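*Asks:* To be precise about what I am sending: the file is called input-v8.cif and holds mmCIF, C-alpha atoms.
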data_start
#
loop_
_atom_site.group_PDB
_atom_site.id
_atom_site.type_symbol
_atom_site.label_atom_id
_atom_site.label_comp_id
_atom_site.auth_asym_id
_atom_site.auth_seq_id
_atom_site.Cartn_x
_atom_site.Cartn_y
_atom_site.Cartn_z
ATOM 1 C CA MET A 1 -165.447 21.615 132.388
ATOM 2 C CA PRO A 2 -163.519 20.984 135.623
ATOM 3 C CA SER A 3 -163.746 17.538 137.101
ATOM 4 C CA THR A 4 -165.798 16.951 140.224
ATOM 5 C CA PRO A 5 -163.420 17.083 143.202
ATOM 6 C CA SER A 6 -162.740 13.723 144.802
ATOM 7 C CA PRO A 7 -163.498 13.239 148.511
ATOM 8 C CA LEU A 8 -161.139 15.145 150.743
ATOM 9 C CA LEU A 9 -159.776 12.123 152.545
ATOM 10 C CA THR A 10 -160.337 8.400 152.167
ATOM 11 C CA THR A 11 -159.788 5.324 154.286
ATOM 12 C CA PRO A 12 -158.204 4.586 156.627
ATOM 13 C CA ALA A 13 -159.738 7.293 158.758
ATOM 14 C CA LEU A 14 -157.417 9.996 159.988
ATOM 15 C CA PRO A 15 -156.645 10.286 163.700
ATOM 16 C CA THR A 16 -159.076 12.457 165.612
ATOM 17 C CA GLY A 17 -158.093 15.503 167.585
ATOM 18 C CA PRO A 18 -155.820 18.430 166.743
ATOM 19 C CA ALA A 19 -152.820 17.731 164.531
ATOM 20 C CA ASP A 20 -149.453 18.965 165.814
ATOM 21 C CA ILE A 21 -147.867 19.374 162.374
ATOM 22 C CA LYS A 22 -144.517 21.199 162.222
ATOM 23 C CA LEU A 23 -143.232 20.115 158.791
ATOM 24 C CA ILE A 24 -145.035 19.514 155.480
ATOM 25 C CA VAL A 25 -143.028 17.935 152.664
ATOM 26 C CA THR A 26 -144.452 17.485 149.190
ATOM 27 C CA ASP A 27 -143.260 16.078 145.919
ATOM 28 C CA MET A 28 -143.828 18.383 142.955
ATOM 29 C CA ASP A 29 -144.710 16.627 139.682
ATOM 30 C CA GLY A 30 -147.853 14.537 139.931
ATOM 31 C CA THR A 31 -148.361 15.726 143.508
ATOM 32 C CA LEU A 32 -148.379 19.474 144.182
ATOM 33 C CA LEU A 33 -148.433 20.404 140.482
ATOM 34 C CA ASP A 34 -151.312 19.385 138.239
ATOM 35 C CA ASP A 35 -150.745 17.534 134.983
ATOM 36 C CA ALA A 36 -150.187 20.854 133.197
ATOM 37 C CA LYS A 37 -147.321 21.585 135.663
ATOM 38 C CA ARG A 38 -149.274 24.413 137.302
ATOM 39 C CA PHE A 39 -149.258 25.358 140.976
ATOM 40 C CA PRO A 40 -152.615 24.760 142.669
ATOM 41 C CA ALA A 41 -155.025 27.585 143.316
ATOM 42 C CA GLY A 42 -154.610 28.966 146.804
ATOM 43 C CA LEU A 43 -150.966 27.961 147.247
ATOM 44 C CA TRP A 44 -149.567 31.367 148.193
ATOM 45 C CA PRO A 45 -152.210 32.194 150.851
ATOM 46 C CA THR A 46 -151.762 28.692 152.265
ATOM 47 C CA LEU A 47 -148.000 29.161 152.505
ATOM 48 C CA ALA A 48 -148.510 32.482 154.275
ATOM 49 C CA GLU A 49 -150.843 30.863 156.802
ATOM 50 C CA LEU A 50 -148.450 27.978 157.398
ATOM 51 C CA ARG A 51 -145.628 30.443 158.067
ATOM 52 C CA ARG A 52 -147.879 32.308 160.501
ATOM 53 C CA ARG A 53 -148.486 29.030 162.347
ATOM 54 C CA GLY A 54 -144.803 28.112 162.388
ATOM 55 C CA VAL A 55 -145.189 25.168 159.987
ATOM 56 C CA LEU A 56 -142.249 24.643 157.624
ATOM 57 C CA PHE A 57 -143.226 23.838 154.024
ATOM 58 C CA SER A 58 -140.618 21.912 152.041
ATOM 59 C CA PRO A 59 -140.753 20.900 148.348
ATOM 60 C CA ALA A 60 -139.015 17.561 147.736
ATOM 61 C CA SER A 61 -138.353 16.825 144.097
ATOM 62 C CA GLY A 62 -136.133 15.256 141.517
ATOM 63 C CA ARG A 63 -135.912 18.775 140.115
ATOM 64 C CA GLN A 64 -132.773 20.865 140.328
ATOM 65 C CA TYR A 65 -132.423 23.299 143.237
ATOM 66 C CA ALA A 66 -132.122 26.245 140.843
ATOM 67 C CA THR A 67 -135.388 25.193 139.197
ATOM 68 C CA LEU A 68 -137.252 24.939 142.501
ATOM 69 C CA ALA A 69 -135.876 28.256 143.724
ATOM 70 C CA GLU A 70 -136.985 29.952 140.506
ATOM 71 C CA GLN A 71 -140.459 28.404 140.688
ATOM 72 C CA PHE A 72 -141.140 29.624 144.229
ATOM 73 C CA GLY A 73 -139.376 32.973 143.844
ATOM 74 C CA ASP A 74 -139.674 35.229 146.892
ATOM 75 C CA GLU A 75 -142.117 32.757 148.471
ATOM 76 C CA GLY A 76 -139.229 30.336 148.811
ATOM 77 C CA GLN A 77 -137.497 32.444 151.441
ATOM 78 C CA GLY A 78 -136.955 30.304 154.522
ATOM 79 C CA MET A 79 -138.049 27.101 152.780
ATOM 80 C CA VAL A 80 -135.931 23.978 152.798
ATOM 81 C CA PHE A 81 -135.663 22.614 149.254
ATOM 82 C CA ILE A 82 -135.020 18.870 149.096
ATOM 83 C CA ALA A 83 -133.727 18.838 145.528
ATOM 84 C CA GLU A 84 -132.381 16.193 143.153
ATOM 85 C CA ASN A 85 -134.259 13.394 144.959
ATOM 86 C CA GLY A 86 -132.649 14.226 148.283
ATOM 87 C CA THR A 87 -129.053 14.432 147.122
ATOM 88 C CA TYR A 88 -128.917 18.220 147.593
ATOM 89 C CA VAL A 89 -130.750 20.055 150.384
ATOM 90 C CA VAL A 90 -130.627 23.855 150.467
ATOM 91 C CA ARG A 91 -132.183 26.656 152.514
ATOM 92 C CA ASP A 92 -131.849 30.285 151.429
ATOM 93 C CA GLY A 93 -128.924 29.410 149.174
ATOM 94 C CA VAL A 94 -127.025 27.589 151.931
ATOM 95 C CA GLU A 95 -126.341 23.871 151.548
ATOM 96 C CA LEU A 96 -127.684 21.819 154.455
ATOM 97 C CA SER A 97 -126.645 18.423 153.145
ATOM 98 C CA SER A 98 -125.560 16.632 149.984
ATOM 99 C CA ASP A 99 -124.568 13.145 148.886
ATOM 100 C CA PRO A 100 -122.138 13.459 145.932
ATOM 101 C CA LEU A 101 -121.725 10.674 143.403
ATOM 102 C CA ASP A 102 -118.296 9.276 142.533
ATOM 103 C CA PRO A 103 -117.314 10.982 139.239
ATOM 104 C CA ALA A 104 -116.121 7.625 137.906
ATOM 105 C CA VAL A 105 -119.615 6.202 138.393
ATOM 106 C CA ALA A 106 -121.150 9.202 136.652
ATOM 107 C CA ALA A 107 -118.781 8.657 133.726
ATOM 108 C CA ARG A 108 -119.753 4.966 133.541
ATOM 109 C CA LEU A 109 -123.399 5.950 133.414
ATOM 110 C CA VAL A 110 -122.782 8.377 130.557
ATOM 111 C CA HIS A 111 -121.029 5.600 128.632
ATOM 112 C CA ALA A 112 -123.921 3.229 129.412
ATOM 113 C CA VAL A 113 -126.366 5.739 127.950
ATOM 114 C CA ARG A 114 -124.252 6.104 124.829
ATOM 115 C CA HIS A 115 -124.375 2.305 124.470
ATOM 116 C CA LEU A 116 -128.182 2.319 124.795
ATOM 117 C CA VAL A 117 -128.416 5.021 122.137
ATOM 118 C CA ALA A 118 -126.228 2.920 119.836
ATOM 119 C CA GLN A 119 -128.729 0.090 120.325
ATOM 120 C CA GLY A 120 -131.581 2.325 119.212
ATOM 121 C CA VAL A 121 -132.989 3.463 122.570
ATOM 122 C CA ASP A 122 -134.176 7.088 122.480
ATOM 123 C CA VAL A 123 -132.617 8.173 125.765
ATOM 124 C CA GLY A 124 -130.342 10.936 127.023
ATOM 125 C CA ALA A 125 -128.312 11.522 130.177
ATOM 126 C CA VAL A 126 -128.439 14.568 132.427
ATOM 127 C CA VAL A 127 -125.376 14.746 134.658
ATOM 128 C CA CYS A 128 -126.567 16.724 137.671
ATOM 129 C CA GLY A 129 -124.006 18.886 139.438
ATOM 130 C CA LYS A 130 -124.428 21.378 142.243
ATOM 131 C CA ARG A 131 -123.711 24.317 139.935
ATOM 132 C CA SER A 132 -125.418 23.098 136.769
ATOM 133 C CA ALA A 133 -126.761 20.136 134.857
ATOM 134 C CA TYR A 134 -124.832 18.865 131.811
ATOM 135 C CA VAL A 135 -126.108 17.177 128.654
ATOM 136 C CA GLU A 136 -124.635 15.973 125.376
ATOM 137 C CA ARG A 137 -127.814 15.745 123.328
ATOM 138 C CA THR A 138 -128.647 18.892 121.392
ATOM 139 C CA ASP A 139 -132.010 18.030 119.798
ATOM 140 C CA GLU A 140 -134.873 20.302 120.757
ATOM 141 C CA ALA A 141 -137.210 17.469 121.811
ATOM 142 C CA PHE A 142 -134.754 16.318 124.486
ATOM 143 C CA LEU A 143 -133.769 19.824 125.587
ATOM 144 C CA ALA A 144 -137.434 20.785 126.010
ATOM 145 C CA GLU A 145 -137.788 17.993 128.579
ATOM 146 C CA VAL A 146 -134.568 18.990 130.316
ATOM 147 C CA ARG A 147 -135.620 22.638 130.652
ATOM 148 C CA GLN A 148 -138.699 21.690 132.667
ATOM 149 C CA TYR A 149 -136.590 20.318 135.499
ATOM 150 C CA TYR A 150 -133.133 21.848 135.012
ATOM 151 C CA VAL A 151 -133.318 25.563 134.274
ATOM 152 C CA ARG A 152 -129.569 25.781 134.793
ATOM 153 C CA HIS A 153 -128.039 23.402 132.247
ATOM 154 C CA ARG A 154 -125.198 23.366 129.750
ATOM 155 C CA ILE A 155 -124.576 21.439 126.546
ATOM 156 C CA VAL A 156 -121.102 19.890 126.683
ATOM 157 C CA GLU A 157 -119.071 17.746 124.344
ATOM 158 C CA ASP A 158 -118.303 15.133 127.009
ATOM 159 C CA ALA A 159 -120.723 14.811 129.932
ATOM 160 C CA ALA A 160 -118.447 12.159 131.432
ATOM 161 C CA ALA A 161 -115.761 14.764 132.157
ATOM 162 C CA VAL A 162 -117.507 17.767 133.710
ATOM 163 C CA ASP A 163 -115.903 19.815 136.474
ATOM 164 C CA ASP A 164 -118.553 19.947 139.199
ATOM 165 C CA ASP A 165 -119.719 18.082 142.298
ATOM 166 C CA ILE A 166 -121.978 15.457 140.725
ATOM 167 C CA ILE A 167 -124.938 14.473 142.873
ATOM 168 C CA LYS A 168 -126.863 12.192 140.525
ATOM 169 C CA VAL A 169 -127.305 11.175 136.903
ATOM 170 C CA ALA A 170 -130.815 11.404 135.470
ATOM 171 C CA LEU A 171 -131.877 9.637 132.283
ATOM 172 C CA PHE A 172 -134.790 10.736 130.142
ATOM 173 C CA ASP A 173 -136.273 7.938 128.034
ATOM 174 C CA PHE A 174 -138.833 8.900 125.409
ATOM 175 C CA GLY A 175 -140.309 5.430 125.908
ATOM 176 C CA PRO A 176 -141.502 3.794 129.146
ATOM 177 C CA ALA A 177 -138.483 4.113 131.437
ATOM 178 C CA GLU A 178 -139.684 1.432 133.846
ATOM 179 C CA ARG A 179 -139.576 -1.161 131.049
ATOM 180 C CA THR A 180 -136.583 -0.031 128.990
ATOM 181 C CA THR A 181 -133.906 2.148 130.585
ATOM 182 C CA ALA A 182 -134.302 0.978 134.188
ATOM 183 C CA PRO A 183 -133.713 -2.721 133.414
ATOM 184 C CA ALA A 184 -130.673 -1.818 131.317
ATOM 185 C CA LEU A 185 -129.138 -0.138 134.373
ATOM 186 C CA GLU A 186 -129.413 -3.269 136.504
ATOM 187 C CA PRO A 187 -125.606 -3.606 136.819
ATOM 188 C CA PHE A 188 -125.561 -0.284 138.683
ATOM 189 C CA ALA A 189 -128.327 -1.396 141.044
ATOM 190 C CA ALA A 190 -125.928 -3.689 142.891
ATOM 191 C CA THR A 191 -124.008 -0.718 144.276
ATOM 192 C CA HIS A 192 -126.241 2.328 143.695
ATOM 193 C CA GLN A 193 -129.874 3.355 143.682
ATOM 194 C CA VAL A 194 -131.621 3.115 140.340
ATOM 195 C CA VAL A 195 -134.964 4.845 140.877
ATOM 196 C CA VAL A 196 -137.796 5.260 138.398
ATOM 197 C CA SER A 197 -138.876 8.801 139.269
ATOM 198 C CA GLY A 198 -141.478 9.286 136.540
ATOM 199 C CA GLU A 199 -142.913 7.652 133.446
ATOM 200 C CA HIS A 200 -139.877 8.702 131.410
ATOM 201 C CA TRP A 201 -137.217 9.400 134.055
ATOM 202 C CA VAL A 202 -134.706 7.209 135.883
ATOM 203 C CA ASP A 203 -132.317 8.601 138.504
ATOM 204 C CA VAL A 204 -129.091 6.961 139.635
ATOM 205 C CA MET A 205 -127.696 8.027 143.004
ATOM 206 C CA ASN A 206 -125.698 6.723 145.921
ATOM 207 C CA ARG A 207 -127.405 4.022 147.975
ATOM 208 C CA THR A 208 -127.492 6.411 150.912
ATOM 209 C CA ALA A 209 -129.317 9.106 148.930
ATOM 210 C CA ASN A 210 -133.089 9.457 148.718
ATOM 211 C CA LYS A 211 -135.793 11.882 149.762
ATOM 212 C CA GLY A 212 -136.436 9.905 152.926
ATOM 213 C CA ALA A 213 -132.812 10.044 154.077
ATOM 214 C CA ALA A 214 -132.741 13.789 153.459
ATOM 215 C CA LEU A 215 -136.010 14.223 155.341
ATOM 216 C CA ARG A 216 -134.786 12.216 158.353
ATOM 217 C CA ARG A 217 -131.649 14.361 158.560
ATOM 218 C CA LEU A 218 -133.803 17.476 158.411
ATOM 219 C CA GLN A 219 -136.127 16.177 161.126
ATOM 220 C CA HIS A 220 -133.141 15.444 163.346
ATOM 221 C CA GLU A 221 -131.621 18.893 162.827
ATOM 222 C CA LEU A 222 -134.905 20.694 163.485
ATOM 223 C CA GLY A 223 -136.084 18.493 166.347
ATOM 224 C CA ILE A 224 -139.240 17.488 164.464
ATOM 225 C CA THR A 225 -140.676 13.981 164.865
ATOM 226 C CA PRO A 226 -142.350 11.755 162.263
ATOM 227 C CA ALA A 227 -145.599 12.347 164.170
ATOM 228 C CA GLN A 228 -145.226 16.063 163.427
ATOM 229 C CA THR A 229 -144.465 15.508 159.749
ATOM 230 C CA MET A 230 -146.905 15.392 156.818
ATOM 231 C CA VAL A 231 -145.695 14.044 153.466
ATOM 232 C CA PHE A 232 -147.277 13.811 149.998
ATOM 233 C CA GLY A 233 -146.014 11.734 147.058
ATOM 234 C CA ASP A 234 -147.053 9.951 143.906
ATOM 235 C CA TYR A 235 -144.127 8.005 142.460
ATOM 236 C CA LEU A 236 -141.474 5.437 143.371
ATOM 237 C CA ASN A 237 -138.871 8.022 144.332
ATOM 238 C CA ASP A 238 -141.229 9.121 147.130
ATOM 239 C CA LEU A 239 -141.410 5.784 148.955
ATOM 240 C CA GLU A 240 -138.675 6.360 151.542
ATOM 241 C CA MET A 241 -140.029 9.837 152.233
ATOM 242 C CA LEU A 242 -143.438 8.385 153.050
ATOM 243 C CA ASP A 243 -141.793 6.041 155.541
ATOM 244 C CA ALA A 244 -140.381 9.035 157.457
ATOM 245 C CA ALA A 245 -143.764 10.547 158.359
ATOM 246 C CA GLU A 246 -146.801 9.353 160.269
ATOM 247 C CA TRP A 247 -148.996 11.649 158.166
ATOM 248 C CA ALA A 248 -147.997 9.952 154.901
ATOM 249 C CA PHE A 249 -150.305 10.579 151.941
ATOM 250 C CA ALA A 250 -150.304 9.005 148.503
ATOM 251 C CA MET A 251 -152.115 10.959 145.833
ATOM 252 C CA ALA A 252 -155.164 9.331 144.269
ATOM 253 C CA ASN A 253 -153.212 9.297 140.979
ATOM 254 C CA ALA A 254 -150.149 7.667 142.570
ATOM 255 C CA HIS A 255 -148.260 4.581 141.431
ATOM 256 C CA PRO A 256 -149.874 1.476 143.000
ATOM 257 C CA GLU A 257 -146.795 0.759 145.118
ATOM 258 C CA VAL A 258 -146.947 4.279 146.567
ATOM 259 C CA VAL A 259 -150.616 3.804 147.466
ATOM 260 C CA ARG A 260 -149.723 0.542 149.240
ATOM 261 C CA ARG A 261 -146.866 2.148 151.162
ATOM 262 C CA ALA A 262 -148.653 5.311 152.334
ATOM 263 C CA ARG A 263 -150.899 5.456 155.384
ATOM 264 C CA TYR A 264 -153.549 7.665 153.801
ATOM 265 C CA LEU A 265 -154.881 8.676 150.404
ATOM 266 C CA ALA A 266 -155.312 12.282 149.243
ATOM 267 C CA PRO A 267 -157.278 13.545 146.235
ATOM 268 C CA SER A 268 -155.381 13.643 142.967
ATOM 269 C CA ASN A 269 -152.937 16.309 141.875
ATOM 270 C CA ASN A 270 -155.577 17.600 139.442
ATOM 271 C CA ASP A 271 -158.054 17.972 142.325
ATOM 272 C CA ASN A 272 -155.764 20.214 144.408
ATOM 273 C CA GLY A 273 -155.196 17.234 146.683
ATOM 274 C CA VAL A 274 -152.220 18.558 148.645
ATOM 275 C CA LEU A 275 -153.760 21.873 149.660
ATOM 276 C CA ARG A 276 -157.196 20.412 150.308
ATOM 277 C CA THR A 277 -155.699 17.797 152.600
ATOM 278 C CA ILE A 278 -153.572 20.342 154.459
ATOM 279 C CA ALA A 279 -156.651 22.528 154.907
ATOM 280 C CA GLY A 280 -158.680 19.580 156.184
ATOM 281 C CA VAL A 281 -156.091 18.374 158.692
ATOM 282 C CA LEU A 282 -155.016 21.799 159.969
ATOM 283 C CA HIS A 283 -158.454 23.407 159.700
ATOM 284 C CA LEU A 284 -157.357 26.097 157.250
ATOM 285 C CA PRO A 285 -159.733 27.962 154.939
ATOM 286 C CA THR A 286 -160.601 25.825 151.919
ATOM 287 C CA ALA A 287 -157.955 25.653 149.195
ATOM 288 C CA ASP A 288 -160.515 25.135 146.436
ATOM 289 C CA ALA A 289 -161.128 28.832 145.803
#
Would you mind writing the file out in structure tokens?

*Replies:*
Amino acid sequence: MPSTPSPLLTTPALPTGPADIKLIVTDMDGTLLDDAKRFPAGLWPTLAELRRRGVLFSPASGRQYATLAEQFGDEGQGMVFIAENGTYVVRDGVELSSDPLDPAVAARLVHAVRHLVAQGVDVGAVVCGKRSAYVERTDEAFLAEVRQYYVRHRIVEDAAAVDDDIIKVALFDFGPAERTTAPALEPFAATHQVVVSGEHWVDVMNRTANKGAALRRLQHELGITPAQTMVFGDYLNDLEMLDAAEWAFAMANAHPEVVRRARYLAPSNNDNGVLRTIAGVLHLPTADA
């Protein structure tokens, strides 16, 4: 049986009066999508109503741009996709911004992963380029995880020597990434961002790259203020994004640090929290149908 929906909004109380929202940015996994990776009921009518009101809806994810574009299909027309944790921002196939990684750093990360594997850690690297993602592991268990987030990927003999604009390196750890892979990458943290983006994922990017930096650039280009921006997130790679919006919501299922950093709390991803909160703030028809 379905769970009983959690309260629409929790403390602190939201501001009273009409909300002048121009931009809504949401993380995907653990936020917009439920635990089965499904879109929430009522998403497409909500997107249509937001477009009618002139509100831009923007997915912000560690997922590849090609993956996000495929997921939203024709509904993605006009959307700004903040992909690869903010390192690659695209609208209607046109790049708006990117923050490429030094290929030498990407190569060092691939070698670091090979060293971890030699020590017995069950981990694999995904070298994320603008055109494709690249992996060396060929086992089905690893590739099944890769396919969820990188529909455009290639198996290569040497992921340290790919010919593409590299924007980040993602590591999938079959164990708890926050306790195993992330600490092993501490030497990179002195010069780059090492972000735990999920229970099993760690992303390494330039220090200047994150969802928040990408969002602030977008706000500047569109003339939209933090007071006109609503953001939803659940994990550590969403922290900077939450800082860029006054309407900053952590999901009820969010990492404790995300809950501390956000201004407000939304129902969980399994309770259609994003759409229910949007409906409540903007007085849309209920998203629970």

*Asks:* Smallest atom-to-atom distance to A:Phe81: which of A:Val55, A:Met28, A:Ala159, A:Ala189, using only C-alpha atoms?

*Replies:*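 Looking only at the distances to A:Phe81, the closest residue turns out to be A:Met28.
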
*Asks:* Go through the shown structure with the PyMOL selection byres ((chain A and resi 177-182) around 10) and write out the matching residues as a list in words.

*Replies:*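 For this structure, the PyMOL selection byres ((chain A and resi 177-182) around 10) resolves to Val113, Leu116, Val121, Asp122, Val123, Leu171, Phe172, Asp173, Phe174, Gly175, Pro176, Pro183, Ala184, Leu185, Glu186, Phe188, Ala189, Val194, Val195, Val196, Ser197, Gly198, Glu199, His200, Trp201, Val202, Asp203 and Val204 of chain A.
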
*Asks:* Check the smallest atom-to-atom distance from each of A:Ala133, A:Leu282, A:Val117, A:Ala125 to A:Gln64 using all atoms listed in the file, then report the winner.

*Replies:*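 Of the candidates, the smallest distance to A:Gln64 is held by A:Ala133.
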
*Asks:* Any chance you could resolve the PyMOL selection byres ((chain A and resi 35) around 12) against this file and give the residues as a PyMOL selection string?

*Replies:* chain A and resi 28-34+36-40+253+268-272

*Asks:* For A:Val258, which residue out of A:Ala279, A:Leu222, A:Leu236, A:Met241 is the nearest one, using only C-alpha atoms?

*Replies:* A:Leu236

*Asks:* Let me know the residues the PyMOL selection byres ((chain A and resi 20) around 6) catches in the file above, as a ChimeraX atom specification.

*Replies:* /A:19,21,228

*Asks:* Using all atoms listed in the file, which of A:Asp74, A:Asp99, A:Glu136, A:Glu246 sits nearest A:Leu47?

*Replies:*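 Using all atoms listed in the file, the shortest distance to A:Leu47 belongs to A:Asp74.
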
*Asks:* What does the distance between atom CA of A:Val259 and atom CA of A:Asn237 come to in Å, to one decimal place?

*Replies:*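 Result for atom CA of A:Val259 versus atom CA of A:Asn237: 12.9 Å, one decimal.
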
*Asks:* Within 9 Å of A:Ile166, counting all atoms listed in the file, which residues qualify if same-chain residues fewer than 5 places away don't, as a list in words?

*Replies:* Asp99, Pro100, Leu101, Asp102, Pro103, Ala106, Val127, Cys128, Gly129, Lys130 and Ala133 of chain A

*Asks:* Box time for stretch 246-260 of chain A: axis-aligned, enclosing all its listed atoms, 6 Å extra on each side; report centre and edge lengths in Å to one decimal, as AutoDock Vina command-line options.

*Replies:*
--center_x -151.0 --center_y 6.1 --center_z 150.6 --size_x 20.4 --size_y 23.1 --size_z 31.3

*Asks:* For A:Thr225, which of A:Asp27, A:Ile82, A:Arg114, A:Ala244 is the closest residue, counting only C-alpha atoms?

*Replies:* A:Ala244

*Asks:* Which of these, A:Arg91, A:Arg207, A:Leu143, A:Leu242, has the shortest distance to A:Arg261 once you count all atoms listed in the file?

*Replies:*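 Distance minimum relative to A:Arg261 lands on A:Leu242.
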
*Asks:* What separation in Å, quoted to one decimal, exists between atom CA of A:Ala66 and atom CA of A:His111?

*Replies:* 26.4 Å
